[in-house]
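Beneath this line is the structure, given in structure tokens, with notes to follow.
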Amino acid sequence: MLSRTADHLFWMARYTERAENTARMLDVHVQTALLPQSTDDAEQGWRAILGISELLYGYNQKYDALTQKDVIDFMVRDPGNPSSIASCLKQARENARAVRGALTTEAWEIQNATWIKMQSYLQTPALAQNPSEFFEWVKHRSHLSRGVTIGTMLKDEAFHFIRLGTFLERADNTARIIDVKFHGAKETQGKQSQQQSQNQSLLTKDSKGNDSQIDFYYWAAILRSVSGFEIYRKVYRDVITPERVAELLILRADMPRSLAACMDQVLSNLKHVHNDVSADTERFAGKLHADLKFSRIEEVLDAGLHDYLTVFLERIFELGNRISKDFLVPLAA
């Protein structure tokens with residue numbers, strides 16, 4: 001397959017998955033914003049989502065204050081933000097249009113119709129009136145795209161590059177969704193010591209009272225954001241605890257959006273598109289996969305959840321660069 005064709009398919013899938021995961025992340029914060037909290041805490045929550053998405057600088061360049069409405073507008077409809085949902089769905093559609101011959105008619109029509117409906121949607125007050133409904137629509141369109149791809153496309157290299165892009169992007173975004181609350185706590189604590197930061201993190205085992213209740217509702221929202229609430233109940237059959245949520249979303253390979261499940265799929269699809277120069281990239285992916293497969297949650301937490309996720313994101317970024325170098329149009333230096 002030509003590298004340019006593979007590149008378009010890979011990024012079509014990544015942009016579609018990124019739009020869905022941005023919707024999932026925003027929906028968590030819309031829901032948790034309804035919990036009792038101070039104005040400063042509410043603002044810090046939205047600052048955290050911008051920080052973990054690496055969008056805080058761009059937001060501050062455009063807005064003087066930090067409000068829920070402005071953050072949602074910036075991350076949903078702003079054409080100047082390349083990671084906004086509107087920008088992602090536009091780029092997904094443009095990449096699909098460039099390789100229509102490599103897609104089935106149904107796969108192309110889903111991408112095209114999603115972009116057209118998005119434009120109409122954003123011209124109505126629906127986003128401001130009920131943002132959660134809009135986020136559900138974005139997730140539904142992403143589900144349609146994946147389902148049509150699996151149900152109509154030949155399982156050739158085109159299919160495997162699409163799946164590779166999907167799961168690489170999902171791994172990156174799941175790690176960010178898990179880390180976003182810790183990121184906010186870290187920013188708030190400022191110059192406090194590392195020990196204090198650890199003691200006040202979400203993984204504190206002896207938290208009590210209202211803070212513990214708020215953490216419970218926050219982690220429940222996190223689970224719902226990755227379609228994991230019912231799965232958690234089925235696997236653990238017990239109250240929601242941060243440790244178990246972390247285990248489910250990081251190490252459980254039978255959880256579809258976990259880091260382990262994503263790396264299972266990344267490694268599998270890499271093997272299907274193997275070429276003469278990709279052995280080192282496959283080895284790099286294999287090491288990352290093995291770390292997830294053979295780790296225990298106690299080891300992850302002892303190392304520090306935030307530090308662990310930071311290293312994981314760095315390795316995923318490096319893996320993406322290696323894939324681009326070996327198979328796709330190389331990223332600009």
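Residue names in the structure tokens use chain letters A, B, ... in the order shown, residue numbers from 1 in each chain, and ligand numbers from 1 in the order shown.
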- Message: To test your reading of the structure, identify every residue in segment 24-253 of chain A that backbone DSSP assigns to helix (DSSP H, G or I), and report it as a PyMOL selection string.
- Response: chain A and resi 24-32+39-52+56-62+68-76+85-98+100-102+105-122+126-129+131-152+157-189+194-199+209-225+229-236+242-250
One residue among A:Ile52, A:Glu17, A:Asp179, A:Val277 is nearest to Asp326 of chain A when using only C-alpha atoms, and that residue is A:Val277
Near segment 216-221 of chain A, 9 Å: segment 21-131 of chain A residue rows, closest pairs, only C-alpha atoms, as CSV:
```
residue,atom,partner,partner_atom,distance
A:Asp27,CA,A:Ala221,CA,8.6
A:Val28,CA,A:Ala221,CA,5.7
A:His29,CA,A:Ala221,CA,8.5
A:Gln31,CA,A:Ala221,CA,7.2
A:Thr32,CA,A:Tyr218,CA,6.2
A:Leu35,CA,A:Tyr217,CA,8.3
```
Resulting file, chosen residues, C-alpha atoms, as a short mmCIF file (atom, residue, chain, number, x, y, z; two decimals), in the first residue's frame:
```cif
data_model
loop_
_atom_site.label_atom_id
_atom_site.label_comp_id
_atom_site.auth_asym_id
_atom_site.auth_seq_id
_atom_site.Cartn_x
_atom_site.Cartn_y
_atom_site.Cartn_z
CA ASP A 27 -19.08 15.00 29.33
CA VAL A 28 -17.34 13.86 32.53
CA HIS A 29 -16.73 17.47 33.47
CA GLN A 31 -21.58 15.92 34.89
CA THR A 32 -19.13 16.50 37.75
CA LEU A 35 -21.61 18.30 42.21
#
```
**Message:** Which residues are close to Leu55 of chain A, i.e. within 12 Å by only C-alpha atoms, leaving aside same-chain residues fewer than 2 positions away? Reply as a ChimeraX atom specification.
**Reply:** /A:22,46-53,57-62,71,74-75,78,80-84
Restrict the selected residues to C-alpha atoms and save them as a PDB file, in the first residue's frame.
```pdb
ATOM      1  CA  THR A  22     -12.888  14.653  23.593  1.00  0.00           C
ATOM      2  CA  TRP A  46     -11.858  22.976  33.601  1.00  0.00           C
ATOM      3  CA  ARG A  47      -8.265  24.184  33.738  1.00  0.00           C
ATOM      4  CA  ALA A  48      -7.186  20.574  34.287  1.00  0.00           C
ATOM      5  CA  ILE A  49      -8.988  19.316  31.201  1.00  0.00           C
ATOM      6  CA  LEU A  50      -7.259  21.981  29.101  1.00  0.00           C
ATOM      7  CA  GLY A  51      -3.906  21.178  30.670  1.00  0.00           C
ATOM      8  CA  ILE A  52      -4.046  17.430  30.203  1.00  0.00           C
ATOM      9  CA  SER A  53      -5.178  17.982  26.594  1.00  0.00           C
ATOM     10  CA  TYR A  57      -1.843  27.916  26.187  1.00  0.00           C
ATOM     11  CA  GLY A  58      -4.109  28.156  23.142  1.00  0.00           C
ATOM     12  CA  TYR A  59      -7.135  28.829  25.333  1.00  0.00           C
ATOM     13  CA  ASN A  60      -5.363  31.577  27.306  1.00  0.00           C
ATOM     14  CA  GLN A  61      -4.344  33.249  24.059  1.00  0.00           C
ATOM     15  CA  LYS A  62      -8.007  33.627  23.122  1.00  0.00           C
ATOM     16  CA  VAL A  71     -13.984  25.838  27.446  1.00  0.00           C
ATOM     17  CA  PHE A  74     -13.077  26.118  22.460  1.00  0.00           C
ATOM     18  CA  MET A  75     -12.949  22.319  22.600  1.00  0.00           C
ATOM     19  CA  ASP A  78     -13.344  26.472  17.579  1.00  0.00           C
ATOM     20  CA  GLY A  80      -8.550  27.585  15.412  1.00  0.00           C
ATOM     21  CA  ASN A  81      -8.157  24.650  17.795  1.00  0.00           C
ATOM     22  CA  PRO A  82      -6.941  21.654  15.737  1.00  0.00           C
ATOM     23  CA  SER A  83      -8.073  19.280  18.503  1.00  0.00           C
ATOM     24  CA  SER A  84     -11.640  20.607  18.764  1.00  0.00           C
TER      25      SER A  84
END
```
- Quick one: everything within 12 Å of segment 85-88 of chain A, counting only C-alpha atoms, minus sequence neighbours fewer than 2 positions away in the same chain. Send it as a PyMOL selection string. chain A and resi 11-26+72-83+90-95+111+114-122+134-135+137-139+142
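Closest to Phe284 of chain A among A:Glu318, A:Glu157, A:Asp172, A:Glu54 is A:Glu318, based on only C-alpha atoms.
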Exercise for the section: Determine, counting only C-alpha atoms, which protein, DNA and RNA residues have an atom within 12 Å of an atom of Phe294 of chain A; residues of the same chain fewer than 5 positions away are not included. Present the result as a list in words. Expected result: Ile250, Leu251, Arg252, Ala253, Ala260, Gly286, Lys287, Leu288, His289, Glu299 and Val300 of chain A
Selected residues, N, CA, C and O atoms, written as a PDB file, in the first residue's frame, please.
```pdb
ATOM      1  N   ILE A 250      -6.592   0.418  33.174  1.00  0.00           N
ATOM      2  CA  ILE A 250      -5.182   0.314  32.770  1.00  0.00           C
ATOM      3  C   ILE A 250      -4.808  -1.117  32.400  1.00  0.00           C
ATOM      4  O   ILE A 250      -4.267  -1.364  31.316  1.00  0.00           O
ATOM      5  N   LEU A 251      -5.122  -2.083  33.247  1.00  0.00           N
ATOM      6  CA  LEU A 251      -4.533  -3.417  33.130  1.00  0.00           C
ATOM      7  C   LEU A 251      -5.476  -4.515  32.656  1.00  0.00           C
ATOM      8  O   LEU A 251      -5.008  -5.587  32.267  1.00  0.00           O
ATOM      9  N   ARG A 252      -6.791  -4.297  32.685  1.00  0.00           N
ATOM     10  CA  ARG A 252      -7.724  -5.359  32.308  1.00  0.00           C
ATOM     11  C   ARG A 252      -7.857  -5.430  30.793  1.00  0.00           C
ATOM     12  O   ARG A 252      -8.469  -4.579  30.157  1.00  0.00           O
ATOM     13  N   ALA A 253      -7.324  -6.482  30.197  1.00  0.00           N
ATOM     14  CA  ALA A 253      -7.359  -6.627  28.737  1.00  0.00           C
ATOM     15  C   ALA A 253      -8.752  -6.940  28.217  1.00  0.00           C
ATOM     16  O   ALA A 253      -9.014  -6.807  27.017  1.00  0.00           O
ATOM     17  N   ALA A 260      -4.442  -1.759  28.324  1.00  0.00           N
ATOM     18  CA  ALA A 260      -3.990  -3.097  27.931  1.00  0.00           C
ATOM     19  C   ALA A 260      -4.717  -3.587  26.684  1.00  0.00           C
ATOM     20  O   ALA A 260      -4.096  -4.155  25.776  1.00  0.00           O
ATOM     21  N   GLY A 286       5.822  -4.108  21.516  1.00  0.00           N
ATOM     22  CA  GLY A 286       5.752  -5.325  22.304  1.00  0.00           C
ATOM     23  C   GLY A 286       6.181  -5.115  23.744  1.00  0.00           C
ATOM     24  O   GLY A 286       5.599  -5.687  24.670  1.00  0.00           O
ATOM     25  N   LYS A 287       7.210  -4.298  23.952  1.00  0.00           N
ATOM     26  CA  LYS A 287       7.664  -4.003  25.312  1.00  0.00           C
ATOM     27  C   LYS A 287       6.589  -3.243  26.085  1.00  0.00           C
ATOM     28  O   LYS A 287       6.340  -3.530  27.267  1.00  0.00           O
ATOM     29  N   LEU A 288       5.958  -2.269  25.433  1.00  0.00           N
ATOM     30  CA  LEU A 288       4.897  -1.509  26.087  1.00  0.00           C
ATOM     31  C   LEU A 288       3.717  -2.422  26.424  1.00  0.00           C
ATOM     32  O   LEU A 288       3.137  -2.352  27.512  1.00  0.00           O
ATOM     33  N   HIS A 289       3.394  -3.308  25.492  1.00  0.00           N
ATOM     34  CA  HIS A 289       2.319  -4.272  25.719  1.00  0.00           C
ATOM     35  C   HIS A 289       2.656  -5.209  26.877  1.00  0.00           C
ATOM     36  O   HIS A 289       1.810  -5.497  27.737  1.00  0.00           O
ATOM     37  N   GLU A 299       1.849  -2.209  41.818  1.00  0.00           N
ATOM     38  CA  GLU A 299       3.106  -1.676  41.303  1.00  0.00           C
ATOM     39  C   GLU A 299       2.886  -0.318  40.633  1.00  0.00           C
ATOM     40  O   GLU A 299       3.706   0.594  40.775  1.00  0.00           O
ATOM     41  N   VAL A 300       1.785  -0.202  39.919  1.00  0.00           N
ATOM     42  CA  VAL A 300       1.461   1.061  39.246  1.00  0.00           C
ATOM     43  C   VAL A 300       1.246   2.164  40.279  1.00  0.00           C
ATOM     44  O   VAL A 300       1.783   3.270  40.156  1.00  0.00           O
TER      45      VAL A 300
END
```
Check your understanding: So which residues touch Leu9 of chain A within 8 Å, counting only C-alpha atoms, skipping near sequence neighbours fewer than 5 positions away, as a PyMOL selection string?
Key -> chain A and resi 95-96+99+158+161-162+165
Store the residues picked out above in a file with N, CA and C atoms, as an mmCIF file, in the first residue's frame.
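Once everything was written out, this is result20.cif:
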```cif
data_model
loop_
_atom_site.group_PDB
_atom_site.id
_atom_site.type_symbol
_atom_site.label_atom_id
_atom_site.label_comp_id
_atom_site.auth_asym_id
_atom_site.auth_seq_id
_atom_site.Cartn_x
_atom_site.Cartn_y
_atom_site.Cartn_z
ATOM 1 N N ASN A 95 -9.586 13.372 5.226
ATOM 2 C CA ASN A 95 -8.722 12.207 4.998
ATOM 3 C C ASN A 95 -9.487 11.084 4.313
ATOM 4 N N ALA A 96 -10.751 10.888 4.689
ATOM 5 C CA ALA A 96 -11.570 9.866 4.038
ATOM 6 C C ALA A 96 -11.813 10.214 2.567
ATOM 7 N N VAL A 99 -9.065 9.268 0.124
ATOM 8 C CA VAL A 99 -8.845 7.842 -0.190
ATOM 9 C C VAL A 99 -10.182 7.111 -0.334
ATOM 10 N N ALA A 158 -5.635 -1.791 4.370
ATOM 11 C CA ALA A 158 -6.412 -0.582 4.634
ATOM 12 C C ALA A 158 -7.165 -0.709 5.958
ATOM 13 N N PHE A 161 -4.700 -0.498 8.975
ATOM 14 C CA PHE A 161 -4.211 0.846 9.285
ATOM 15 C C PHE A 161 -5.292 1.673 9.979
ATOM 16 N N ILE A 162 -6.544 1.471 9.593
ATOM 17 C CA ILE A 162 -7.639 2.155 10.274
ATOM 18 C C ILE A 162 -7.710 1.717 11.734
ATOM 19 N N GLY A 165 -4.781 3.116 13.815
ATOM 20 C CA GLY A 165 -5.002 4.506 14.217
ATOM 21 C C GLY A 165 -6.013 4.630 15.327
#
```
What is the distance between atom CA of Arg283 of chain A and atom CA of Val180 of chain A, in Å to one decimal?
->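 It comes out at 29.5 Å.
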Practice task
Do a neighbour search on Asp156 of chain A at 12 Å with only C-alpha atoms, toss out local chain neighbours closer than 3 positions, and write the hits as a count of residues only.
Solution key: 16
Exercise for the section: Measure the distance from atom CA of Asn130 of chain A to atom CA of Lys69 of chain A in Å and round it to one decimal. Expected result: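 Answer for the atom CA of Asn130 of chain A to atom CA of Lys69 of chain A separation: 11.7 Å.
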Between A:Glu230, A:Ile323, A:Val30, A:Ser38, smallest distance to Gln68 of chain A by only C-alpha atoms belongs to A:Val30
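Of the residues listed (A:Cys262, A:Ala128, A:Ile177, A:Ile231), A:Cys262 shows the shortest atom-to-atom separation from Leu292 of chain A; distances use only C-alpha atoms.
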